[in-house]
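Coordinates as given in query-v3.cif (mmCIF, C-alpha atoms):
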data_data
loop_
_atom_site.label_atom_id
_atom_site.label_comp_id
_atom_site.auth_asym_id
_atom_site.auth_seq_id
_atom_site.Cartn_x
_atom_site.Cartn_y
_atom_site.Cartn_z
CA MET M 17 43.48 -3.41 21.68
CA PHE M 18 40.50 -5.66 20.99
CA ASN M 19 41.56 -8.17 23.65
CA ASN M 20 40.63 -5.62 26.31
CA TRP M 21 37.13 -6.29 27.67
CA LYS M 22 36.38 -2.56 27.83
CA SER M 23 37.10 -2.13 24.13
CA LEU M 24 35.00 -5.18 23.29
CA LEU M 25 32.18 -3.93 25.50
CA THR M 26 32.23 -0.58 23.70
CA ILE M 27 32.11 -2.31 20.32
CA SER M 28 29.25 -4.52 21.51
CA ILE M 29 27.19 -1.58 22.76
CA LEU M 30 27.78 0.36 19.54
CA PHE M 31 26.82 -2.70 17.47
CA CYS M 32 23.57 -3.34 19.33
CA CYS M 33 22.57 0.33 19.46
CA SER M 34 23.32 0.80 15.77
CA ILE M 35 21.13 -2.17 14.83
CA ILE M 36 18.27 -0.90 16.99
CA VAL M 37 18.47 2.62 15.54
CA LEU M 38 18.68 1.23 11.99
CA ALA M 39 15.62 -0.94 12.60
CA ILE M 40 13.64 2.05 13.86
CA LEU M 41 14.68 4.29 10.95
CA THR M 42 14.07 1.70 8.23
CA ARG M 43 11.24 -0.20 9.98
CA GLN M 44 13.01 -3.40 8.99
CA TRP M 45 12.35 -5.08 12.32
CA VAL M 46 13.85 -8.34 11.13
CA ILE M 47 17.38 -7.07 11.78
CA LEU M 48 16.64 -6.90 15.51
CA SER M 49 17.31 -10.64 15.57
CA LEU M 50 21.00 -9.75 15.21
CA VAL M 51 20.83 -8.11 18.64
CA VAL M 52 18.82 -10.97 20.13
CA GLY M 53 21.26 -13.48 18.70
CA PHE M 54 24.25 -11.51 19.98
CA LEU M 55 22.86 -11.44 23.53
CA PHE M 56 21.92 -15.12 23.36
CA GLY M 57 25.35 -16.19 22.10
CA PHE M 58 27.09 -13.97 24.65
CA SER M 59 25.15 -15.56 27.51
CA LEU M 60 25.67 -19.10 26.21
CA GLN M 61 29.43 -18.71 26.11
CA LYS M 62 29.64 -16.87 29.43
CA GLY M 63 27.86 -19.71 31.22
CA ASP M 64 29.36 -22.49 29.08
CA LEU M 65 25.75 -23.62 29.00
CA CYS M 66 25.59 -26.39 26.42
CA GLY M 67 22.53 -28.56 27.04
CA ALA M 68 24.25 -31.71 25.84
CA SER M 69 27.31 -31.11 28.03
CA ALA M 70 25.00 -30.44 30.97
CA MET M 71 23.52 -33.91 30.49
CA SER M 72 26.86 -35.69 30.08
CA GLU M 73 28.49 -33.98 33.05
CA ILE M 74 25.95 -35.51 35.42
CA LEU M 75 27.61 -38.86 34.71
CA LEU M 76 31.14 -37.72 33.95
CA MET M 77 31.68 -35.30 36.81
CA LYS M 78 28.67 -35.81 39.08
CA ASP M 79 28.01 -32.14 38.37
CA LYS M 80 24.40 -30.94 38.20
CA GLU M 81 25.14 -27.21 38.04
CA LYS M 82 24.66 -26.88 34.28
CA ILE M 83 21.45 -28.91 34.19
CA PHE M 84 20.16 -26.63 36.95
CA GLY M 85 21.22 -23.64 34.85
CA LEU M 86 19.23 -25.04 31.93
CA TRP M 87 16.22 -25.45 34.20
CA ILE M 88 16.55 -21.82 35.34
CA ALA M 89 16.47 -20.77 31.67
CA ILE M 90 13.30 -22.83 31.13
CA LEU M 91 11.64 -21.54 34.29
CA THR M 92 12.49 -17.90 33.55
CA SER M 93 11.00 -18.35 30.08
CA MET M 94 7.87 -19.90 31.64
CA VAL M 95 7.34 -16.99 34.03
CA LEU M 96 7.72 -14.39 31.28
CA PHE M 97 5.54 -16.38 28.88
CA ALA M 98 2.80 -16.56 31.53
CA ILE M 99 2.99 -12.81 32.18
CA PHE M 100 2.92 -11.80 28.53
CA GLU M 101 0.16 -14.28 27.75
CA ASN M 102 -2.04 -12.97 30.54
CA ILE M 103 -1.68 -9.38 29.30
CA GLY M 104 -2.58 -10.50 25.78
CA ILE M 105 0.68 -9.86 23.94
CA ILE M 106 1.41 -13.49 23.06
CA GLN M 107 -0.51 -16.73 22.79
CA LEU M 108 1.24 -19.98 23.59
CA VAL M 109 2.09 -22.14 20.55
CA PRO M 110 3.22 -25.49 21.98
CA LYS M 111 4.44 -28.08 19.52
CA LYS M 112 2.06 -30.87 18.64
CA LEU M 113 2.62 -34.37 19.91
CA TYR M 114 4.50 -35.90 16.99
CA TRP M 115 5.47 -38.63 19.41
CA LEU M 116 7.38 -40.89 17.03
CA SER M 117 9.28 -37.98 15.48
CA PHE M 118 10.30 -36.73 18.91
CA LEU M 119 11.25 -40.22 20.10
CA VAL M 120 13.30 -41.24 17.06
CA GLY M 121 14.78 -37.77 16.56
CA GLY M 122 15.63 -37.45 20.24
CA ILE M 123 17.53 -40.74 20.29
CA ILE M 124 19.54 -39.86 17.17
CA PHE M 125 20.14 -36.34 18.48
CA GLY M 126 21.24 -37.56 21.93
CA ILE M 127 23.79 -39.98 20.49
CA GLY M 128 25.11 -37.30 18.15
CA THR M 129 25.59 -34.71 20.91
CA VAL M 130 28.12 -36.92 22.68
CA LEU M 131 30.08 -37.70 19.52
CA ALA M 132 29.99 -34.07 18.36
CA GLY M 133 30.87 -32.73 21.79
CA GLY M 134 27.75 -30.59 22.04
CA CYS M 135 24.26 -29.81 20.79
CA ILE M 136 23.73 -27.29 17.98
CA SER M 137 23.99 -24.21 20.19
CA GLY M 138 26.89 -25.80 22.08
CA CYS M 139 28.81 -26.47 18.88
CA LEU M 140 28.11 -22.91 17.77
CA TYR M 141 29.63 -21.26 20.81
CA LYS M 142 32.50 -23.72 21.08
CA GLY M 143 33.23 -23.41 17.38
CA ALA M 144 33.04 -19.62 17.50
CA THR M 145 35.75 -19.64 20.16
CA GLY M 146 38.08 -21.98 18.25
CA ASN M 147 37.24 -25.59 19.11
CA ILE M 148 38.21 -27.57 16.00
CA ASN M 149 35.89 -30.49 16.77
CA SER M 150 32.92 -28.15 17.13
CA ILE M 151 33.83 -26.41 13.87
CA ALA M 152 33.97 -29.82 12.17
CA ALA M 153 30.57 -30.74 13.64
CA LEU M 154 29.11 -27.47 12.35
CA LEU M 155 30.10 -28.48 8.83
CA THR M 156 27.92 -31.59 8.98
CA ILE M 157 25.01 -30.46 11.18
CA PRO M 158 23.28 -28.61 8.29
CA LEU M 159 23.84 -31.66 6.07
CA GLY M 160 21.84 -33.77 8.51
CA ILE M 161 19.03 -31.20 8.71
CA SER M 162 18.93 -30.85 4.92
CA ALA M 163 18.82 -34.63 4.46
CA VAL M 164 15.61 -34.64 6.50
CA ASP M 165 14.04 -31.52 5.02
CA TYR M 166 14.98 -31.94 1.37
CA GLY M 167 17.07 -35.07 0.89
CA PRO M 168 16.99 -38.86 1.18
CA LEU M 169 15.34 -38.87 4.62
CA GLN M 170 12.45 -36.71 3.50
CA GLY M 171 10.07 -39.62 2.96
CA PHE M 172 11.03 -41.21 6.29
CA ASN M 173 10.42 -37.90 8.04
CA LYS M 174 7.04 -37.54 6.33
CA HIS M 175 6.07 -41.00 7.57
CA LEU M 176 7.04 -40.18 11.17
CA LEU M 177 5.01 -36.96 11.09
CA GLU M 178 1.87 -39.01 10.45
CA TYR M 179 2.05 -40.27 14.03
CA VAL M 180 0.52 -37.30 15.80
CA ILE M 181 -1.82 -37.14 18.78
CA ASN M 182 -4.03 -34.09 19.31
CA ASP M 183 -6.69 -33.24 21.84
CA ASP M 184 -10.40 -33.33 21.00
CA ASN M 185 -10.18 -29.90 19.37
CA GLY M 186 -7.15 -30.76 17.27
CA ASN M 187 -4.83 -28.70 19.44
CA ALA M 188 -1.43 -29.58 20.87
CA ILE M 189 -1.43 -31.66 24.05
CA THR M 190 0.22 -29.91 26.98
CA LEU M 191 0.64 -30.61 30.66
CA HIS M 192 -1.90 -27.95 31.57
CA SER M 193 -4.44 -29.28 29.05
CA LEU M 194 -4.06 -32.80 30.46
CA LEU M 195 -4.40 -31.66 34.08
CA GLY M 196 -7.11 -29.11 33.33
CA ILE M 197 -5.14 -26.48 35.26
CA PRO M 198 -4.37 -23.00 33.93
CA TYR M 199 -0.85 -22.58 32.60
CA TRP M 200 0.04 -19.78 34.99
CA ILE M 201 -0.84 -21.86 38.06
CA ILE M 202 1.57 -24.63 37.05
CA VAL M 203 4.24 -22.01 36.36
CA ALA M 204 3.66 -20.40 39.78
CA PHE M 205 3.97 -23.81 41.48
CA LEU M 206 7.23 -24.59 39.67
CA LEU M 207 8.59 -21.13 40.50
CA ILE M 208 7.84 -21.52 44.22
CA PHE M 209 9.28 -25.03 44.27
CA THR M 210 12.49 -23.87 42.56
CA ILE M 211 12.90 -20.91 44.92
CA ILE M 212 12.56 -23.21 47.94
CA PHE M 213 14.97 -25.72 46.42
CA GLY M 214 17.47 -23.02 45.51
CA TYR M 215 17.28 -21.43 48.97
CA THR M 216 17.81 -24.80 50.66
CA LYS M 217 20.81 -25.47 48.45
CA TRP M 218 22.22 -22.01 49.16
CA LYS M 219 21.84 -22.49 52.93
CA LYS M 220 23.92 -25.68 52.76
CA SER M 221 26.70 -24.10 50.70
CA PRO M 222 29.46 -21.84 52.03
CA ARG M 223 28.22 -18.27 52.28
CA LYS M 224 29.41 -16.12 49.42
CA LYS M 225 29.37 -12.42 48.77
CA PHE M 226 26.44 -11.10 46.78
CA TYR M 227 28.26 -8.25 45.08
CA VAL M 228 30.56 -8.63 42.11
CA LYS M 229 32.88 -6.20 40.40
CA PHE M 230 31.41 -4.65 37.28
CA GLY M 231 34.37 -5.70 35.14
CA ASN M 232 34.04 -9.34 36.20
CA ILE M 233 30.64 -9.52 34.52
CA PHE M 234 32.41 -9.25 31.18
CA SER M 235 35.92 -10.55 31.86
CA LYS M 236 34.96 -13.65 33.88
CA SER M 237 32.71 -16.65 33.27
CA TRP M 238 29.20 -16.80 34.71
CA LYS M 239 27.66 -19.43 36.90
CA PRO M 240 25.23 -21.66 34.96
CA TRP M 241 22.19 -20.36 36.83
CA GLN M 242 23.18 -16.78 36.01
CA ALA M 243 23.48 -17.62 32.33
CA GLY M 244 20.17 -19.49 32.54
CA LEU M 245 18.44 -16.43 33.99
CA SER M 246 19.81 -14.28 31.18
CA ILE M 247 18.89 -16.78 28.45
CA GLY M 248 15.33 -17.09 29.79
CA MET M 249 14.85 -13.33 29.49
CA ILE M 250 16.39 -13.33 26.02
CA SER M 251 13.94 -16.08 24.99
CA MET M 252 11.05 -13.71 25.70
CA LEU M 253 12.85 -10.91 23.88
CA ALA M 254 13.29 -13.22 20.90
CA TRP M 255 9.56 -13.97 20.82
CA LEU M 256 8.62 -10.29 20.88
CA SER M 257 11.18 -9.53 18.17
CA SER M 258 9.98 -12.30 15.89
CA LEU M 259 6.30 -11.32 16.23
CA ALA M 260 7.08 -8.15 14.28
CA VAL M 261 8.06 -10.22 11.24
CA GLY M 262 5.29 -12.81 11.38
CA ARG M 263 7.15 -15.54 13.26
CA ASN M 264 5.31 -16.68 16.37
CA TYR M 265 7.78 -18.63 18.51
CA PRO M 266 10.57 -17.86 21.00
CA LEU M 267 14.18 -19.01 20.61
CA GLY M 268 15.11 -21.70 18.10
CA ILE M 269 18.41 -22.34 16.34
CA THR M 270 18.03 -25.51 14.24
CA HIS M 271 16.46 -24.00 11.15
CA GLY M 272 18.56 -20.87 11.51
CA VAL M 273 21.65 -23.01 10.93
CA SER M 274 19.91 -24.86 8.11
CA ASN M 275 18.64 -21.68 6.45
CA LEU M 276 22.08 -20.07 6.63
CA TYR M 277 23.58 -23.15 4.99
CA GLN M 278 20.93 -23.12 2.25
CA ALA M 279 21.51 -19.40 1.66
CA ILE M 280 25.17 -20.14 0.99
CA ILE M 281 24.86 -23.19 -1.28
CA GLU M 282 21.49 -22.73 -3.01
CA LYS M 283 20.69 -20.31 -5.81
CA ASN M 284 16.93 -20.79 -6.06
CA VAL M 285 15.83 -19.38 -2.70
CA LYS M 286 13.30 -16.85 -1.47
CA PHE M 287 14.16 -14.78 1.59
CA ILE M 288 11.25 -14.22 3.98
CA TYR M 289 11.91 -11.13 6.07
CA GLU M 290 8.56 -9.53 6.82
CA LYS M 291 5.03 -10.45 7.77
CA GLN M 292 3.41 -12.94 5.44
CA GLN M 293 -0.16 -12.56 4.22
CA PHE M 294 -1.18 -16.21 4.07
CA PRO M 295 -1.13 -17.34 7.73
CA SER M 296 -4.17 -15.54 9.16
CA GLN M 297 -3.64 -17.49 12.37
CA ILE M 298 -0.41 -15.59 13.03
CA ALA M 299 -2.16 -12.23 13.09
CA LYS M 300 -4.74 -13.65 15.50
CA GLY M 301 -2.15 -15.20 17.80
CA ILE M 302 -2.54 -18.61 16.14
CA GLN M 303 -5.95 -19.41 17.59
CA ASN M 304 -6.11 -22.47 15.35
CA ARG M 305 -2.95 -24.38 16.09
CA THR M 306 -0.89 -25.39 13.09
CA SER M 307 2.23 -27.46 12.79
CA ILE M 308 4.87 -25.75 14.88
CA ALA M 309 7.38 -26.34 12.14
CA GLN M 310 5.36 -23.96 9.98
CA THR M 311 4.82 -21.32 12.67
CA GLN M 312 8.37 -21.49 13.91
CA SER M 313 10.37 -21.08 10.75
CA ASN M 314 8.10 -20.99 7.71
CA TYR M 315 9.00 -24.66 7.35
CA SER M 316 6.62 -26.84 5.35
CA PRO M 317 6.37 -30.62 5.65
CA PRO M 318 8.84 -32.33 3.32
CA ASN M 319 6.18 -33.55 0.89
CA LYS M 320 5.22 -29.94 0.20
CA GLN M 321 8.74 -28.60 -0.08
CA VAL M 322 9.48 -30.51 -3.29
CA LYS M 323 6.60 -28.75 -5.04
CA LEU M 324 7.99 -25.29 -4.36
CA GLU M 325 9.93 -23.51 -7.09
CA SER M 326 12.24 -21.98 -4.51
CA ARG M 327 13.12 -22.66 -0.90
CA ASN M 328 11.78 -20.17 1.63
CA LEU M 329 14.51 -19.01 3.98
CA ASN M 330 13.64 -17.13 7.15
CA VAL M 331 15.88 -14.08 7.42
CA TRP M 332 15.03 -13.60 11.11
CA LEU M 333 16.47 -17.06 11.87
CA ILE M 334 19.51 -16.51 9.64
CA LEU M 335 20.39 -13.20 11.26
CA LEU M 336 19.78 -14.70 14.71
CA THR M 337 22.36 -17.41 13.95
CA ILE M 338 24.91 -14.86 12.70
CA GLY M 339 24.32 -12.75 15.81
CA VAL M 340 24.77 -15.80 18.03
CA MET M 341 28.20 -16.56 16.58
CA PHE M 342 29.30 -12.93 16.87
CA GLY M 343 28.15 -12.73 20.49
CA GLU M 344 29.90 -15.98 21.34
CA PHE M 345 33.15 -14.82 19.78
CA VAL M 346 33.08 -11.48 21.62
CA SER M 347 32.28 -13.21 24.91
CA GLY M 348 35.12 -15.67 24.38
CA LYS M 349 37.56 -12.85 23.63
CA MET M 350 36.53 -11.04 26.80
CA THR M 351 37.29 -14.09 28.94
CA GLY M 352 40.41 -15.04 26.98
CA LYS M 353 38.90 -18.30 25.74
CA ALA M 354 38.70 -17.49 22.04
CA LYS M 355 41.68 -19.40 20.72
CA LEU M 356 42.15 -22.18 18.21
CA THR M 357 42.28 -25.55 19.98
CA PRO M 358 43.45 -28.38 17.68
CA LYS M 359 42.25 -31.92 18.37
CA GLU M 360 43.31 -35.42 17.40
CA PRO M 361 42.30 -36.18 13.77
CA GLN M 362 40.22 -39.21 14.78
CA GLN M 363 38.32 -37.10 17.29
CA THR M 364 37.56 -34.55 14.60
CA LEU M 365 36.24 -37.24 12.27
CA ILE M 366 34.01 -38.60 15.03
CA ALA M 367 32.80 -35.05 15.72
CA MET M 368 31.80 -34.73 12.06
CA LEU M 369 29.81 -37.97 12.33
CA GLY M 370 28.26 -36.67 15.53
CA GLY M 371 27.32 -33.41 13.81
CA LEU M 372 25.57 -35.35 11.07
CA LEU M 373 23.56 -37.26 13.70
CA VAL M 374 22.79 -34.06 15.61
CA GLY M 375 21.46 -32.40 12.45
CA THR M 376 19.46 -35.46 11.46
CA GLY M 377 17.91 -35.81 14.90
CA ALA M 378 17.10 -32.11 15.11
CA GLY M 379 15.56 -32.18 11.63
CA ILE M 380 13.32 -35.13 12.50
CA SER M 381 12.35 -33.53 15.82
CA THR M 382 11.77 -30.08 14.23
CA GLY M 383 14.20 -28.59 16.72
CA CYS M 384 17.07 -29.07 19.15
CA ILE M 385 17.54 -28.40 22.86
CA ILE M 386 16.88 -24.69 22.36
CA GLY M 387 13.69 -25.00 20.32
CA ASN M 388 12.35 -28.17 21.94
CA VAL M 389 13.59 -28.08 25.53
CA LEU M 390 14.16 -24.41 26.35
CA SER M 391 11.17 -23.09 24.39
CA GLY M 392 9.09 -26.28 24.18
CA TRP M 393 9.28 -27.26 27.84
CA ALA M 394 8.58 -23.66 28.81
CA MET M 395 5.18 -24.07 27.08
CA LEU M 396 4.69 -27.48 28.74
CA SER M 397 4.42 -29.33 25.44
CA ILE M 398 4.13 -33.09 26.02
CA GLY M 399 5.75 -33.76 22.65
CA THR M 400 8.90 -31.87 23.59
CA PHE M 401 8.99 -33.71 26.92
CA ILE M 402 9.36 -36.92 24.90
CA PHE M 403 12.20 -35.34 22.93
CA GLY M 404 13.97 -34.16 26.08
CA VAL M 405 13.75 -37.49 27.88
CA SER M 406 14.81 -39.55 24.85
CA THR M 407 17.71 -37.16 24.22
CA LEU M 408 18.81 -37.40 27.85
CA LEU M 409 18.72 -41.20 27.94
CA ALA M 410 20.51 -41.54 24.59
CA ASN M 411 23.10 -39.00 25.74
CA TRP M 412 23.70 -40.89 28.99
CA ILE M 413 23.98 -44.30 27.32
CA THR M 414 26.43 -42.96 24.73
CA THR M 415 28.39 -41.11 27.42
CA TYR M 416 28.58 -44.29 29.50
CA PHE M 417 29.97 -46.46 26.72
CA TYR M 418 31.87 -43.95 24.56
CA LEU M 419 33.33 -41.52 27.08
CA MET M 420 33.44 -43.66 30.22
CA GLY M 421 34.29 -47.03 28.71
CA GLY M 422 31.30 -48.66 30.34
CA THR M 423 32.37 -47.84 33.89
CA ILE M 424 30.95 -45.59 36.57
CA ARG M 425 33.32 -43.14 38.19
CA LEU M 426 32.62 -42.89 41.88
CA LYS M 427 33.46 -39.90 44.00
CA LYS M 428 36.56 -40.35 46.11
CA THR M 429 35.92 -40.46 49.83
CA ASN M 430 38.30 -40.07 52.73
CA GLN M 431 38.95 -43.36 54.48
CA HIS M 432 39.75 -43.29 58.18
#
Render the structure in this file as structure tokens.
Amino acid sequence: MFNNWKSLLTISILFCCSIIVLAILTRQWVILSLVVGFLFGFSLQKGDLCGASAMSEILLMKDKEKIFGLWIAILTSMVLFAIFENIGIIQLVPKKLYWLSFLVGGIIFGIGTVLAGGCISGCLYKGATGNINSIAALLTIPLGISAVDYGPLQGFNKHLLEYVINDDNGNAITLHSLLGIPYWIIVAFLLIFTIIFGYTKWKKSPRKKFYVKFGNIFSKSWKPWQAGLSIGMISMLAWLSSLAVGRNYPLGITHGVSNLYQAIIEKNVKFIYEKQQFPSQIAKGIQNRTSIAQTQSNYSPPNKQVKLESRNLNVWLILLTIGVMFGEFVSGKMTGKAKLTPKEPQQTLIAMLGGLLVGTGAGISTGCIIGNVLSGWAMLSIGTFIFGVSTLLANWITTYFYLMGGTIRLKKTNQH
């Protein structure tokens, strides 16, 4: 019964509507993150849009479709961010330029994504649909994050965070602040450029029908750009949802995974699920920029965490992560891809090592591809640009030596 996409669609609609109604009746807006997470996970799995895989496949398969899909997600987020900022609903909160943290974390993260077979969100949706290696990586990802936040790498992380560059007013450095051009103008330029590029690409490709059967939306996979468009809209929805509970940032998954892990293993924790009184900047749209780690997930620098009697866990992020896994599983069942896929034992062990590196790199960089590239690039943060580039290069180098054996695979051509 539940393998039928219509049944699963009915369950999904009932789930989302029930959560929304419950939030309205109880005014516990934090539970809306379950819906946001469900939609996000559903879109990720439908488009098979893992950021790390998108990077690797450029070398492995000469395929740029997924990286283009990731760009569409970033651009869609940009456009919506610009609109909602101009009407005064949000204020951009780009991450500060912790250049050494982003560089070191990005390199570690990029290496780990190849060994683990995906980034954090990629491992989540692959694990939720039965990939044993991704499940193994998910067991060690939170260990890596915790080692940075609370464990033996805490001092090292604190040292890296000292290398920060701000502008003259102490604010985060962004592309628009460097160029002296309004944010929305840069976004408009990138939108026009992408439309022209996409149209040119479409003109060169075989003409395809524009319509699609309604059932195929749920029973078939999506093209990466379609998933990217959906994820970009969900990123804005996530921001609006989190504002209601005092969190001022769009999508992020790193500390959701970490907080969920801490909620399971730790006893001395404090669950944060509603607006906090101490950050006056949040209520004012964060006019004075603070560390994005604090505004994103109630995360304090490691040297402060050890002084706390209990660990603050953000319920919005925890519920988002749970919703993501549920959405990914439902999406996988609809397309018939939710099935246990055993792997070679040595591959699984390597995936666990990769997960540890992914978690460590994400912890040092205060985020992964979702928080730093999707959300960070959408706000034109220079710091997250460093993370993205270092992750890409580390991913490519590891892909070249580990997956390709140090050789380049050329496309086959017809010889006459």
Please evaluate the PyMOL selection byres ((chain M and resi 284) around 8) against the displayed coordinates and give the resulting residues as a ChimeraX atom specification.
/M:282-283,285-286,325-327
Could you spell out the hits of the PyMOL selection byres ((chain M and resi 133) around 9) on the shown file, as a list in words?
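Residues picked by the PyMOL selection byres ((chain M and resi 133) around 9): Ala68, Ser69, Gly128, Thr129, Val130, Leu131, Ala132, Gly134, Cys135, Gly138, Cys139, Asn149, Ser150, Ala153, Ala367, Gly370 and Gly371 of chain M.
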Counting all atoms listed in the file, which residues have an atom no more than 12 Å from (-8.6, -17.7, 32.5) in the file's coordinates? Please list them as a PyMOL selection string.
chain M and resi 98+101-104+196-201
Starting from the displayed file, determine the output of the PyMOL selection byres ((chain M and resi 328-330) around 9) and express the residue list as a PyMOL selection string.
chain M and resi 271-272+274-276+278-279+285-289+313-315+324+326-327+331-335
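Each of M:Ile385, M:Leu91, M:Val405, M:Val164 was compared to M:Phe205 using only C-alpha atoms, and M:Leu91 turns out to be the nearest.
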Record the distance separating atom CA of M:Thr145 and atom CA of M:Leu356, expressed in Å with one decimal.
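Distance reported for this atom pair: 7.2 Å.
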Using all atoms listed in the file, which residues sit within 10 Å of M:Ala254 once same-chain residues fewer than 3 positions away are excluded, as a list in words?
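Here the answer would be Leu48, Ser49, Val51, Val52, Gly53, Phe56, Gly248, Met249, Ile250, Ser251, Ser257, Ser258, Leu259, Asn264, Tyr265, Pro266, Leu267, Gly268, Trp332 and Leu336 of chain M.
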Restricting the output to C-alpha atoms, write the selected residues as an mmCIF file, keeping the file's coordinate frame.
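For reference, out-v7.cif as written:
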data_model
loop_
_atom_site.group_PDB
_atom_site.id
_atom_site.type_symbol
_atom_site.label_atom_id
_atom_site.label_comp_id
_atom_site.auth_asym_id
_atom_site.auth_seq_id
_atom_site.Cartn_x
_atom_site.Cartn_y
_atom_site.Cartn_z
ATOM 1 C CA LEU M 48 16.640 -6.900 15.510
ATOM 2 C CA SER M 49 17.310 -10.640 15.570
ATOM 3 C CA VAL M 51 20.830 -8.110 18.640
ATOM 4 C CA VAL M 52 18.820 -10.970 20.130
ATOM 5 C CA GLY M 53 21.260 -13.480 18.700
ATOM 6 C CA PHE M 56 21.920 -15.120 23.360
ATOM 7 C CA GLY M 248 15.330 -17.090 29.790
ATOM 8 C CA MET M 249 14.850 -13.330 29.490
ATOM 9 C CA ILE M 250 16.390 -13.330 26.020
ATOM 10 C CA SER M 251 13.940 -16.080 24.990
ATOM 11 C CA SER M 257 11.180 -9.530 18.170
ATOM 12 C CA SER M 258 9.980 -12.300 15.890
ATOM 13 C CA LEU M 259 6.300 -11.320 16.230
ATOM 14 C CA ASN M 264 5.310 -16.680 16.370
ATOM 15 C CA TYR M 265 7.780 -18.630 18.510
ATOM 16 C CA PRO M 266 10.570 -17.860 21.000
ATOM 17 C CA LEU M 267 14.180 -19.010 20.610
ATOM 18 C CA GLY M 268 15.110 -21.700 18.100
ATOM 19 C CA TRP M 332 15.030 -13.600 11.110
ATOM 20 C CA LEU M 336 19.780 -14.700 14.710
#
Can you work out which one of M:Gly186, M:Pro358, M:Pro240, M:Gly171 has the shortest atom-to-atom distance to M:Gly146, counting only C-alpha atoms?
M:Pro358
M:Phe118: which residues within 7 Å, counting only C-alpha atoms, same-chain residues fewer than 2 positions away excluded, as a PyMOL selection string?
chain M and resi 114-116+120-122+381+399-400+402-403
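Across the model, the gap from atom CA of M:Leu25 to atom CA of M:Thr351 is 11.9 Å.
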One decimal, in Å: what's the spacing between atom CA of M:Ile36 and atom CA of M:Phe345?
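Rounded to one decimal, the two atoms are 20.6 Å apart.
Nearest-residue note for M:Pro158: choosing from M:Tyr418, M:Phe342, M:Tyr277, M:Phe97, the minimum distance belongs to M:Tyr277, counting all atoms listed in the file.
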From the options M:Thr42, M:Ile127, M:Gln107, M:Val37, which residue's atoms come nearest to M:Thr415, counting only C-alpha atoms?
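Selected residue with least distance to M:Thr415: M:Ile127.
Take the candidates M:Leu419, M:Ile280, M:Ile27, M:Ile148 and check each one against M:Glu360 using all atoms listed in the file; the shortest distance goes to M:Ile148.
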